[in-house]
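What's in my_file.cif: mmCIF, C-alpha atoms and all ligand atoms
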```
data_work
loop_
_atom_site.group_PDB
_atom_site.id
_atom_site.type_symbol
_atom_site.label_atom_id
_atom_site.label_comp_id
_atom_site.auth_asym_id
_atom_site.auth_seq_id
_atom_site.Cartn_x
_atom_site.Cartn_y
_atom_site.Cartn_z
ATOM 1 C CA MET A 1 -47.283 -37.972 -11.998
ATOM 2 C CA ASN A 2 -43.610 -37.847 -11.073
ATOM 3 C CA THR A 3 -42.375 -35.204 -8.658
ATOM 4 C CA VAL A 4 -39.031 -33.646 -7.893
ATOM 5 C CA ILE A 5 -38.630 -31.761 -4.638
ATOM 6 C CA TYR A 6 -35.638 -29.460 -4.549
ATOM 7 C CA TYR A 7 -34.731 -28.653 -0.965
ATOM 8 C CA PHE A 8 -32.507 -26.434 1.109
ATOM 9 C CA SER A 9 -32.185 -27.376 4.773
ATOM 10 C CA ALA A 10 -29.657 -26.458 7.455
ATOM 11 C CA THR A 11 -31.085 -28.230 10.490
ATOM 12 C CA GLY A 12 -33.255 -30.862 8.844
ATOM 13 C CA ASN A 13 -36.778 -29.436 9.202
ATOM 14 C CA SER A 14 -37.258 -28.714 5.508
ATOM 15 C CA LEU A 15 -35.601 -32.003 4.604
ATOM 16 C CA VAL A 16 -38.041 -33.941 6.830
ATOM 17 C CA ALA A 17 -41.025 -32.048 5.370
ATOM 18 C CA ALA A 18 -39.756 -32.787 1.848
ATOM 19 C CA LYS A 19 -39.119 -36.461 2.649
ATOM 20 C CA ASP A 20 -42.527 -36.938 4.264
ATOM 21 C CA LEU A 21 -44.240 -35.323 1.297
ATOM 22 C CA ALA A 22 -42.252 -37.452 -1.142
ATOM 23 C CA ALA A 23 -43.336 -40.569 0.760
ATOM 24 C CA TRP A 24 -47.026 -39.621 0.505
ATOM 25 C CA LEU A 25 -46.774 -38.708 -3.170
ATOM 26 C CA GLY A 26 -44.773 -41.731 -4.315
ATOM 27 C CA ASN A 27 -42.645 -41.579 -7.470
ATOM 28 C CA ALA A 28 -40.896 -38.539 -6.018
ATOM 29 C CA LYS A 29 -37.223 -37.663 -5.915
ATOM 30 C CA LEU A 30 -35.397 -35.293 -3.557
ATOM 31 C CA VAL A 31 -32.605 -33.106 -4.883
ATOM 32 C CA PRO A 32 -30.557 -30.635 -2.802
ATOM 33 C CA MET A 33 -30.805 -27.148 -4.350
ATOM 34 C CA VAL A 34 -27.105 -26.680 -3.752
ATOM 35 C CA LYS A 35 -26.330 -29.726 -5.876
ATOM 36 C CA ALA A 36 -28.603 -28.605 -8.738
ATOM 37 C CA LEU A 37 -27.041 -25.143 -8.669
ATOM 38 C CA ARG A 38 -23.546 -26.624 -8.774
ATOM 39 C CA SER A 39 -24.241 -29.018 -11.621
ATOM 40 C CA GLY A 40 -26.719 -26.865 -13.542
ATOM 41 C CA GLU A 41 -28.780 -30.042 -14.035
ATOM 42 C CA TYR A 42 -32.537 -29.867 -13.479
ATOM 43 C CA GLU A 43 -35.213 -32.534 -13.757
ATOM 44 C CA MET A 44 -38.153 -32.288 -16.155
ATOM 45 C CA ALA A 45 -40.773 -33.684 -13.753
ATOM 46 C CA ASP A 46 -44.591 -33.274 -13.841
ATOM 47 C CA ALA A 47 -44.582 -31.612 -10.426
ATOM 48 C CA ILE A 48 -41.811 -29.525 -8.913
ATOM 49 C CA GLY A 49 -41.593 -28.765 -5.196
ATOM 50 C CA ILE A 50 -39.354 -26.114 -3.704
ATOM 51 C CA ALA A 51 -38.750 -26.783 0.009
ATOM 52 C CA PHE A 52 -36.879 -24.330 2.221
ATOM 53 C CA PRO A 53 -36.839 -22.580 5.613
ATOM 54 C CA VAL A 54 -38.206 -19.051 5.999
ATOM 55 C CA TYR A 55 -35.479 -16.498 6.775
ATOM 56 C CA MET A 56 -36.358 -13.011 7.984
ATOM 57 C CA PHE A 57 -39.921 -13.338 6.777
ATOM 58 C CA GLY A 58 -38.789 -14.192 3.290
ATOM 59 C CA ILE A 59 -36.674 -16.663 1.352
ATOM 60 C CA PRO A 60 -33.011 -17.551 1.937
ATOM 61 C CA LEU A 61 -30.639 -15.918 -0.554
ATOM 62 C CA ILE A 62 -29.658 -19.281 -1.981
ATOM 63 C CA VAL A 63 -33.307 -20.065 -2.703
ATOM 64 C CA ALA A 64 -33.644 -16.793 -4.627
ATOM 65 C CA ASN A 65 -30.563 -17.763 -6.613
ATOM 66 C CA PHE A 66 -31.945 -21.241 -7.241
ATOM 67 C CA LEU A 67 -35.259 -19.819 -8.496
ATOM 68 C CA LYS A 68 -33.409 -17.631 -10.979
ATOM 69 C CA ASN A 69 -31.738 -20.720 -12.426
ATOM 70 C CA VAL A 70 -34.138 -23.657 -12.116
ATOM 71 C CA LYS A 71 -35.487 -25.148 -15.321
ATOM 72 C CA VAL A 72 -38.946 -26.710 -15.361
ATOM 73 C CA LYS A 73 -41.181 -28.380 -17.898
ATOM 74 C CA GLN A 74 -43.756 -25.914 -19.344
ATOM 75 C CA SER A 75 -46.735 -27.920 -18.039
ATOM 76 C CA ALA A 76 -45.241 -28.636 -14.594
ATOM 77 C CA TYR A 77 -47.230 -28.038 -11.411
ATOM 78 C CA VAL A 78 -44.865 -25.921 -9.284
ATOM 79 C CA PHE A 79 -45.369 -25.471 -5.539
ATOM 80 C CA SER A 80 -43.367 -24.117 -2.636
ATOM 81 C CA LEU A 81 -43.103 -25.777 0.766
ATOM 82 C CA ALA A 82 -41.803 -23.490 3.492
ATOM 83 C CA THR A 83 -40.930 -24.570 7.028
ATOM 84 C CA LEU A 84 -40.921 -21.898 9.689
ATOM 85 C CA GLY A 85 -40.803 -21.300 13.400
ATOM 86 C CA GLY A 86 -43.585 -18.718 13.584
ATOM 87 C CA LEU A 87 -44.498 -16.551 10.601
ATOM 88 C CA PRO A 88 -43.751 -17.082 6.897
ATOM 89 C CA GLY A 89 -43.753 -13.401 5.989
ATOM 90 C CA LEU A 90 -44.057 -13.128 2.223
ATOM 91 C CA ALA A 91 -41.869 -16.124 1.406
ATOM 92 C CA HIS A 92 -44.299 -17.668 -1.070
ATOM 93 C CA SER A 93 -44.997 -14.320 -2.746
ATOM 94 C CA GLN A 94 -41.258 -13.891 -3.227
ATOM 95 C CA VAL A 95 -41.019 -17.322 -4.860
ATOM 96 C CA GLN A 96 -43.999 -16.436 -7.039
ATOM 97 C CA GLU A 97 -42.510 -13.110 -8.093
ATOM 98 C CA ILE A 98 -39.134 -14.518 -9.124
ATOM 99 C CA LEU A 99 -40.694 -17.395 -11.054
ATOM 100 C CA LYS A 100 -43.272 -15.129 -12.727
ATOM 101 C CA LYS A 101 -40.495 -12.997 -14.216
ATOM 102 C CA ARG A 102 -39.237 -16.192 -15.848
ATOM 103 C CA GLY A 103 -42.676 -17.177 -17.136
ATOM 104 C CA ILE A 104 -43.180 -19.935 -14.554
ATOM 105 C CA GLU A 105 -46.385 -20.064 -12.519
ATOM 106 C CA LEU A 106 -46.250 -20.885 -8.809
ATOM 107 C CA ALA A 107 -49.442 -22.885 -8.321
ATOM 108 C CA ALA A 108 -49.420 -23.086 -4.522
ATOM 109 C CA GLY A 109 -47.393 -22.160 -1.452
ATOM 110 C CA PHE A 110 -47.635 -24.362 1.640
ATOM 111 C CA SER A 111 -46.353 -23.455 5.123
ATOM 112 C CA VAL A 112 -45.395 -25.979 7.806
ATOM 113 C CA LEU A 113 -44.637 -25.035 11.401
ATOM 114 C CA MET A 114 -41.477 -26.595 12.792
ATOM 115 C CA PRO A 115 -39.191 -25.841 15.742
ATOM 116 C CA GLY A 116 -37.376 -22.552 15.251
ATOM 117 C CA ASN A 117 -33.604 -22.779 14.795
ATOM 118 C CA TYR A 118 -32.550 -19.149 15.107
ATOM 119 C CA THR A 119 -30.393 -19.465 18.231
ATOM 120 C CA PRO A 120 -29.219 -15.812 18.181
ATOM 121 C CA LEU A 121 -32.784 -14.922 19.256
ATOM 122 C CA TYR A 122 -34.030 -17.941 21.244
ATOM 123 C CA GLU A 123 -32.979 -21.397 22.350
ATOM 124 C CA ALA A 124 -34.384 -24.739 21.201
ATOM 125 C CA ILE A 125 -37.833 -25.569 22.558
ATOM 126 C CA SER A 126 -38.191 -28.613 24.826
ATOM 127 C CA LYS A 127 -38.095 -32.139 23.346
ATOM 128 C CA ASP A 128 -41.767 -32.614 24.315
ATOM 129 C CA LYS A 129 -42.822 -29.489 22.463
ATOM 130 C CA GLN A 130 -40.709 -30.523 19.488
ATOM 131 C CA GLN A 131 -42.483 -33.880 19.457
ATOM 132 C CA GLU A 132 -45.882 -32.176 19.442
ATOM 133 C CA MET A 133 -44.826 -30.095 16.450
ATOM 134 C CA PHE A 134 -43.520 -33.136 14.592
ATOM 135 C CA GLU A 135 -46.844 -34.901 15.043
ATOM 136 C CA LYS A 136 -48.708 -31.887 13.641
ATOM 137 C CA GLU A 137 -46.213 -31.669 10.794
ATOM 138 C CA LYS A 138 -47.032 -35.256 9.748
ATOM 139 C CA ILE A 139 -50.759 -34.424 9.609
ATOM 140 C CA LYS A 140 -50.158 -31.216 7.688
ATOM 141 C CA ILE A 141 -47.913 -32.913 5.136
ATOM 142 C CA LYS A 142 -50.580 -35.523 4.450
ATOM 143 C CA GLU A 143 -53.015 -32.686 3.639
ATOM 144 C CA ILE A 144 -50.449 -30.989 1.437
ATOM 145 C CA ALA A 145 -49.892 -34.261 -0.425
ATOM 146 C CA ALA A 146 -53.620 -34.408 -1.193
ATOM 147 C CA SER A 147 -53.512 -30.852 -2.600
ATOM 148 C CA VAL A 148 -50.434 -31.596 -4.696
ATOM 149 C CA ARG A 149 -51.982 -34.775 -6.062
ATOM 150 C CA GLU A 150 -55.073 -32.786 -7.101
ATOM 151 C CA ARG A 151 -52.816 -30.024 -8.484
ATOM 152 C CA LYS A 152 -54.702 -27.470 -6.432
ATOM 153 C CA LYS A 153 -54.019 -23.845 -7.279
ATOM 154 C CA THR A 154 -54.029 -20.429 -5.601
ATOM 155 C CA ILE A 155 -53.183 -21.613 -2.110
ATOM 156 C CA MET A 156 -50.762 -19.132 -0.499
ATOM 157 C CA GLU A 157 -50.292 -19.945 3.153
ATOM 158 C CA GLN A 158 -48.966 -16.687 4.531
ATOM 159 C CA LYS A 159 -51.754 -15.466 6.779
ATOM 160 C CA PRO A 160 -52.374 -13.238 8.702
ATOM 161 C CA PHE A 161 -51.513 -10.873 5.896
ATOM 162 C CA LEU A 162 -50.716 -7.655 7.753
ATOM 163 C CA PRO A 163 -47.985 -8.844 10.163
ATOM 164 C CA ASN A 164 -46.443 -11.027 7.469
ATOM 165 C CA PHE A 165 -46.472 -8.143 5.005
ATOM 166 C CA LEU A 166 -45.072 -5.600 7.460
ATOM 167 C CA LEU A 167 -42.360 -7.861 8.872
ATOM 168 C CA ASN A 168 -41.210 -8.784 5.386
ATOM 169 C CA LYS A 169 -41.164 -5.191 4.177
ATOM 170 C CA LEU A 170 -39.408 -3.904 7.287
ATOM 171 C CA LEU A 171 -36.856 -6.639 7.863
ATOM 172 C CA TYR A 172 -36.166 -8.698 4.753
ATOM 173 C CA LYS A 173 -34.298 -6.248 2.536
ATOM 174 C CA PRO A 174 -32.082 -4.603 5.168
ATOM 175 C CA GLY A 175 -31.440 -7.974 6.844
ATOM 176 C CA SER A 176 -30.585 -9.778 3.610
ATOM 177 C CA LYS A 177 -27.934 -7.204 2.731
ATOM 178 C CA GLN A 178 -26.024 -8.117 5.884
ATOM 179 C CA ILE A 179 -26.266 -11.880 5.447
ATOM 180 C CA PRO A 180 -23.269 -12.719 3.206
ATOM 181 C CA LEU A 181 -20.826 -10.993 5.565
ATOM 182 C CA SER A 182 -22.497 -12.256 8.748
ATOM 183 C CA GLY A 183 -19.847 -14.996 8.905
ATOM 184 C CA LYS A 184 -17.521 -12.478 10.547
ATOM 185 C CA ASP A 185 -19.632 -12.608 13.716
ATOM 186 C CA PHE A 186 -19.318 -16.375 14.197
ATOM 187 C CA TRP A 187 -16.544 -17.566 16.489
ATOM 188 C CA TYR A 188 -15.519 -20.688 18.429
ATOM 189 C CA THR A 189 -14.680 -21.347 22.058
ATOM 190 C CA ASP A 190 -11.812 -23.402 23.468
ATOM 191 C CA ALA A 191 -14.114 -26.416 23.334
ATOM 192 C CA CYS A 192 -13.422 -26.687 19.556
ATOM 193 C CA THR A 193 -11.943 -30.123 18.855
ATOM 194 C CA LYS A 194 -10.836 -29.242 15.297
ATOM 195 C CA CYS A 195 -13.178 -31.921 13.890
ATOM 196 C CA GLY A 196 -14.079 -29.800 10.847
ATOM 197 C CA LEU A 197 -17.766 -30.786 10.845
ATOM 198 C CA CYS A 198 -18.760 -27.095 10.695
ATOM 199 C CA ALA A 199 -17.027 -26.758 7.325
ATOM 200 C CA ARG A 200 -18.611 -29.945 6.005
ATOM 201 C CA VAL A 201 -22.200 -29.059 6.948
ATOM 202 C CA CYS A 202 -21.913 -25.532 5.548
ATOM 203 C CA PRO A 203 -24.091 -25.692 2.412
ATOM 204 C CA VAL A 204 -22.117 -23.033 0.568
ATOM 205 C CA ALA A 205 -18.501 -23.817 1.546
ATOM 206 C CA ASN A 206 -18.257 -20.583 3.503
ATOM 207 C CA ILE A 207 -16.002 -22.111 6.153
ATOM 208 C CA GLU A 208 -12.340 -22.687 5.525
ATOM 209 C CA MET A 209 -10.262 -24.691 7.993
ATOM 210 C CA ARG A 210 -7.134 -22.735 8.950
ATOM 211 C CA ASP A 211 -4.798 -24.556 11.352
ATOM 212 C CA GLN A 212 -7.724 -26.986 11.706
ATOM 213 C CA ARG A 213 -9.983 -24.212 13.051
ATOM 214 C CA PRO A 214 -12.958 -22.642 11.252
ATOM 215 C CA ALA A 215 -12.590 -19.318 9.464
ATOM 216 C CA TRP A 216 -15.763 -17.823 7.991
ATOM 217 C CA LEU A 217 -15.616 -16.301 4.502
ATOM 218 C CA ASP A 218 -17.813 -13.720 2.773
ATOM 219 C CA HIS A 219 -20.743 -15.660 1.345
ATOM 220 C CA CYS A 220 -22.574 -16.870 4.455
ATOM 221 C CA GLN A 221 -26.264 -17.851 4.215
ATOM 222 C CA HIS A 222 -26.751 -17.356 7.969
ATOM 223 C CA CYS A 223 -28.377 -20.810 8.070
ATOM 224 C CA MET A 224 -26.865 -21.754 11.470
ATOM 225 C CA ALA A 225 -25.784 -25.227 10.273
ATOM 226 C CA CYS A 226 -22.240 -24.734 11.646
ATOM 227 C CA LEU A 227 -23.524 -23.613 15.036
ATOM 228 C CA GLN A 228 -26.289 -26.212 15.325
ATOM 229 C CA TRP A 229 -24.289 -29.269 14.253
ATOM 230 C CA CYS A 230 -21.082 -28.560 16.222
ATOM 231 C CA PRO A 231 -20.856 -31.690 18.411
ATOM 232 C CA VAL A 232 -19.383 -29.754 21.345
ATOM 233 C CA GLU A 233 -21.385 -26.524 20.921
ATOM 234 C CA ALA A 234 -18.184 -24.560 20.468
ATOM 235 C CA ILE A 235 -19.541 -22.327 17.715
ATOM 236 C CA GLN A 236 -21.179 -19.062 18.718
ATOM 237 C CA TYR A 237 -22.735 -16.095 16.952
ATOM 238 C CA LYS A 238 -22.040 -12.778 18.642
ATOM 239 C CA LYS A 239 -22.749 -13.096 22.381
ATOM 240 C CA SER A 240 -26.341 -14.262 22.726
ATOM 241 C CA THR A 241 -25.876 -17.904 21.674
ATOM 242 C CA VAL A 242 -23.571 -18.769 24.595
ATOM 243 C CA GLY A 243 -25.284 -21.318 26.838
ATOM 244 C CA ARG A 244 -28.413 -21.593 24.638
ATOM 245 C CA LYS A 245 -29.770 -25.026 23.747
ATOM 246 C CA ARG A 246 -29.026 -25.994 20.139
ATOM 247 C CA TYR A 247 -31.462 -27.517 17.668
ATOM 248 C CA HIS A 248 -31.463 -29.892 14.774
ATOM 249 C CA HIS A 249 -34.203 -32.284 13.724
ATOM 250 C CA PRO A 250 -33.689 -35.557 15.621
ATOM 251 C CA ASP A 251 -34.546 -37.730 12.599
ATOM 252 C CA VAL A 252 -31.892 -36.213 10.378
ATOM 253 C CA SER A 253 -28.227 -37.169 10.507
ATOM 254 C CA LYS A 254 -25.292 -34.889 9.775
ATOM 255 C CA GLU A 255 -24.492 -37.100 6.773
ATOM 256 C CA GLU A 256 -27.856 -36.191 5.233
ATOM 257 C CA ILE A 257 -27.143 -32.479 5.636
ATOM 258 C CA ILE A 258 -23.717 -32.632 4.004
ATOM 259 C CA VAL A 259 -24.210 -32.126 0.275
ATOM 260 C CA GLN A 260 -21.643 -34.102 -1.699
HETATM 261 C C1 LIG A 301 -31.521 -16.717 9.590
HETATM 262 C C2 LIG A 301 -32.820 -17.309 10.038
HETATM 263 C C3 LIG A 301 -33.967 -16.546 9.950
HETATM 264 C C4 LIG A 301 -35.206 -17.080 10.322
HETATM 265 N N1 LIG A 301 -36.320 -16.316 10.150
HETATM 266 C C5 LIG A 301 -37.550 -16.840 10.409
HETATM 267 C C6 LIG A 301 -38.729 -16.093 10.128
HETATM 268 O O1 LIG A 301 -38.697 -14.981 9.622
HETATM 269 N N2 LIG A 301 -39.913 -16.656 10.445
HETATM 270 C C7 LIG A 301 -40.009 -17.890 10.997
HETATM 271 O O2 LIG A 301 -41.119 -18.335 11.257
HETATM 272 N N3 LIG A 301 -38.904 -18.661 11.234
HETATM 273 C C8 LIG A 301 -37.681 -18.159 10.939
HETATM 274 N N4 LIG A 301 -36.540 -18.918 11.150
HETATM 275 C C9 LIG A 301 -36.692 -20.323 11.627
HETATM 276 C C10 LIG A 301 -36.638 -21.332 10.478
HETATM 277 O O3 LIG A 301 -37.371 -20.879 9.369
HETATM 278 C C11 LIG A 301 -37.190 -22.705 10.882
HETATM 279 O O4 LIG A 301 -36.658 -23.167 12.070
HETATM 280 C C12 LIG A 301 -36.965 -23.718 9.763
HETATM 281 O O5 LIG A 301 -37.864 -24.782 9.923
HETATM 282 C C13 LIG A 301 -35.549 -24.269 9.696
HETATM 283 O O6 LIG A 301 -35.466 -25.160 8.602
HETATM 284 P P1 LIG A 301 -34.244 -26.128 8.296
HETATM 285 O O7 LIG A 301 -34.118 -27.039 9.521
HETATM 286 O O8 LIG A 301 -34.675 -26.902 7.106
HETATM 287 O O9 LIG A 301 -33.033 -25.310 8.082
HETATM 288 C C14 LIG A 301 -35.294 -18.405 10.811
HETATM 289 C C15 LIG A 301 -34.115 -19.169 10.921
HETATM 290 C C16 LIG A 301 -32.888 -18.638 10.531
HETATM 291 C C17 LIG A 301 -31.650 -19.487 10.617
#
```

Conversion result in structure tokens:
Amino acid sequence: MNTVIYYFSATGNSLVAAKDLAAWLGNAKLVPMVKALRSGEYEMADAIGIAFPVYMFGIPLIVANFLKNVKVKQSAYVFSLATLGGLPGLAHSQVQEILKKRGIELAAGFSVLMPGNYTPLYEAISKDKQQEMFEKEKIKIKEIAASVRERKKTIMEQKPFLPNFLLNKLLYKPGSKQIPLSGKDFWYTDACTKCGLCARVCPVANIEMRDQRPAWLDHCQHCMACLQWCPVEAIQYKKSTVGRKRYHHPDVSKEEIIVQ
């Protein structure tokens, strides 16, 4: 069985989960969703993984767009792999719904806990706690690999149902509407060194360098890549991120996040 895992990842958690799974499965290839969307080229593999972070108890907008475009082999085993800081909401159900409309069955949805990266609400957890999570992630991915190898069906890891359901229904739709224009609330402090890394890590080219300083456009994904990867922590979102510890997965380099 050959596998392709399409991934979207701003701070590396989903990329690490996808890489670890690919290593367990063998004969597996990783493809950035952004790249597949740009080229319109999709792989006809026996198993297709869709790896992404949970946003507002649902799926990132770019993942929804990807799901509306992805092409898969009729017999393919399709699974989603969500990374999340606390609760997945109805992320897998959303994947399932979009694919179902296109006649594609989502066989399973797996959830993996990782450090949260939403700095507007909280700062990065301690390195020790991160390490504990990474160890658990490795164990969980090994279990997921076993399920994928057996082509297990009807696993939807989004329990407990009620809070996940309510949070998704209350927050996802209104929140998602605001996301593309949320770039207007990012700003930079005097610490900005004009290095331009923020523009390069942005997965959707939503940052334009004007006079060597970032200017945010109107199709933001709210992924926090610009804020988290800024080497001098100059980038802020509204007021709450000032002074908060940043996060990106320690095993992922900025070069791996930049999609060529
Ligand atoms: C805009 C945004 C919204 C988020 N919403 C949720 C959420 O609803 N539930 C949750 O558990 N984690 C949430 N998170 C945390 C991420 O899902 C989590 O840290 C994820 O592993 C990041 O993956 P990445 O490093 O591949 O980008 C959110 C993060 C961002 C940036």

Can you spell out as an MDAnalysis selection string the set of residues that the PyMOL selection byres (((not hetatm)) within 7 of (chain A and resi 301)) selects in the structure I just provided? chainID A and resid 8:15 52:58 83:89 113:118 222:224 248:249

Apply the PyMOL selection byres (((chain A and resi 185) around 10) and not hetatm) to the file shown and report the selected residues as number ranges by chain. A: 181-184, 186-187, 216, 236-239

Once the PyMOL selection byres (((chain A and resi 242) around 12) and not hetatm) has been applied to the shown file, what residues remain in the selection, as a list in words?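 Applied to this file, the PyMOL selection byres (((chain A and resi 242) around 12) and not hetatm) selects Thr119, Pro120, Leu121, Tyr122, Glu123, Phe186, Trp187, Tyr188, Thr189, Leu227, Glu233, Ala234, Ile235, Gln236, Tyr237, Lys238, Lys239, Ser240, Thr241, Gly243, Arg244, Lys245 and Arg246 of chain A.
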
To one decimal place, how far is CA of Ala108 in chain A from CA of Ala225 in chain A in Å?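 Computing the Euclidean distance for CA of Ala108 in chain A and CA of Ala225 in chain A yields 28.0 Å.
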
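Excluding Leu25 in chain A itself and any same-chain residue fewer than 6 positions from it, the protein and nucleic acid residues within 8 Å of it, counting only C-alpha atoms, are Thr3, Ala145 and Arg149 of chain A.
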
Length of the CA of Val148 in chain A to CA of Gln96 in chain A vector [Å]: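 That distance, rounded to one decimal, is 16.6 Å.
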
Spatial neighbours of Lys68 in chain A, 10 Å, all atoms listed in the file, chain gap at least 5 places, as a VMD selection string: chain A and resid 62 to 63 95 98 to 99 101 to 102

For a test of reading the model, state the distance in Å between CA of Ala91 in chain A and CA of Ile59 in chain A, rounded to one decimal.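 These atoms are spaced 5.2 Å apart.
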
Counting all atoms listed in the file, which residues come within 8 Å of (-41.2, -35.1, -6.2), with the point read in the file's coordinates, and could you list them as a list of chain:residue names?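 Applying the cut-off with all atoms listed in the file, one gets A:Asn2, A:Thr3, A:Val4, A:Ile5, A:Ala22, A:Leu25, A:Gly26, A:Asn27, A:Ala28, A:Lys29, A:Leu30, A:Ala45, A:Ala47, A:Ile48, A:Gly49.
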
Between A:Cys195, A:Ala205, A:Ile144, A:Leu61, which residue has the minimum interatomic distance to Pro180 in chain A, considering all atoms listed in the file?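 Residue with the minimum atom-to-atom distance to Pro180 in chain A: A:Leu61.
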
Between A:Ile139, A:Met156, A:Ala82, A:Met133, which one has atoms that come closest to Ala107 in chain A, using all atoms listed in the file? A:Met156

Quick one: range 187-193 of chain A with all heavy atoms, as a tab-separated table (two decimals), in the frame of the given file?
```tsv
chain	number	residue	atom	x	y	z
A	187	TRP	N	-17.84	-17.30	15.87
A	187	TRP	CA	-16.54	-17.57	16.49
A	187	TRP	C	-16.63	-18.90	17.22
A	187	TRP	O	-17.71	-19.50	17.30
A	187	TRP	CB	-16.16	-16.42	17.45
A	187	TRP	CG	-17.19	-16.07	18.49
A	187	TRP	CD1	-18.33	-15.33	18.28
A	187	TRP	CD2	-17.19	-16.42	19.88
A	187	TRP	NE1	-19.05	-15.20	19.46
A	187	TRP	CE2	-18.37	-15.86	20.46
A	187	TRP	CE3	-16.33	-17.14	20.70
A	187	TRP	CZ2	-18.70	-16.01	21.82
A	187	TRP	CZ3	-16.65	-17.28	22.05
A	187	TRP	CH2	-17.82	-16.72	22.59
A	188	TYR	N	-15.49	-19.40	17.72
A	188	TYR	CA	-15.52	-20.69	18.43
A	188	TYR	C	-14.84	-20.54	19.78
A	188	TYR	O	-13.95	-19.71	19.97
A	188	TYR	CB	-14.84	-21.80	17.60
A	188	TYR	CG	-13.45	-21.45	17.15
A	188	TYR	CD1	-12.36	-21.64	18.00
A	188	TYR	CD2	-13.24	-20.91	15.89
A	188	TYR	CE1	-11.08	-21.30	17.58
A	188	TYR	CE2	-11.96	-20.56	15.48
A	188	TYR	CZ	-10.89	-20.75	16.33
A	188	TYR	OH	-9.64	-20.40	15.93
A	189	THR	N	-15.27	-21.36	20.72
A	189	THR	CA	-14.68	-21.35	22.06
A	189	THR	C	-13.54	-22.38	22.12
A	189	THR	O	-13.31	-23.13	21.17
A	189	THR	CB	-15.73	-21.74	23.13
A	189	THR	OG1	-16.08	-23.11	22.91
A	189	THR	CG2	-16.98	-20.88	23.04
A	190	ASP	N	-12.91	-22.45	23.27
A	190	ASP	CA	-11.81	-23.40	23.47
A	190	ASP	C	-12.28	-24.85	23.37
A	190	ASP	O	-11.47	-25.77	23.29
A	190	ASP	CB	-11.18	-23.21	24.86
A	190	ASP	CG	-10.46	-21.89	24.94
A	190	ASP	OD1	-10.21	-21.30	23.87
A	190	ASP	OD2	-10.16	-21.43	26.08
A	191	ALA	N	-13.59	-25.05	23.42
A	191	ALA	CA	-14.11	-26.42	23.33
A	191	ALA	C	-13.89	-27.03	21.95
A	191	ALA	O	-13.98	-28.26	21.79
A	191	ALA	CB	-15.60	-26.43	23.68
A	192	CYS	N	-13.60	-26.21	20.95
A	192	CYS	CA	-13.42	-26.69	19.56
A	192	CYS	C	-12.41	-27.83	19.53
A	192	CYS	O	-11.29	-27.70	20.05
A	192	CYS	CB	-12.95	-25.55	18.65
A	192	CYS	SG	-12.51	-26.07	16.98
A	193	THR	N	-12.83	-28.95	18.90
A	193	THR	CA	-11.94	-30.12	18.86
A	193	THR	C	-11.26	-30.26	17.49
A	193	THR	O	-10.65	-31.29	17.21
A	193	THR	CB	-12.74	-31.41	19.13
A	193	THR	OG1	-13.73	-31.52	18.09
A	193	THR	CG2	-13.41	-31.41	20.49
```
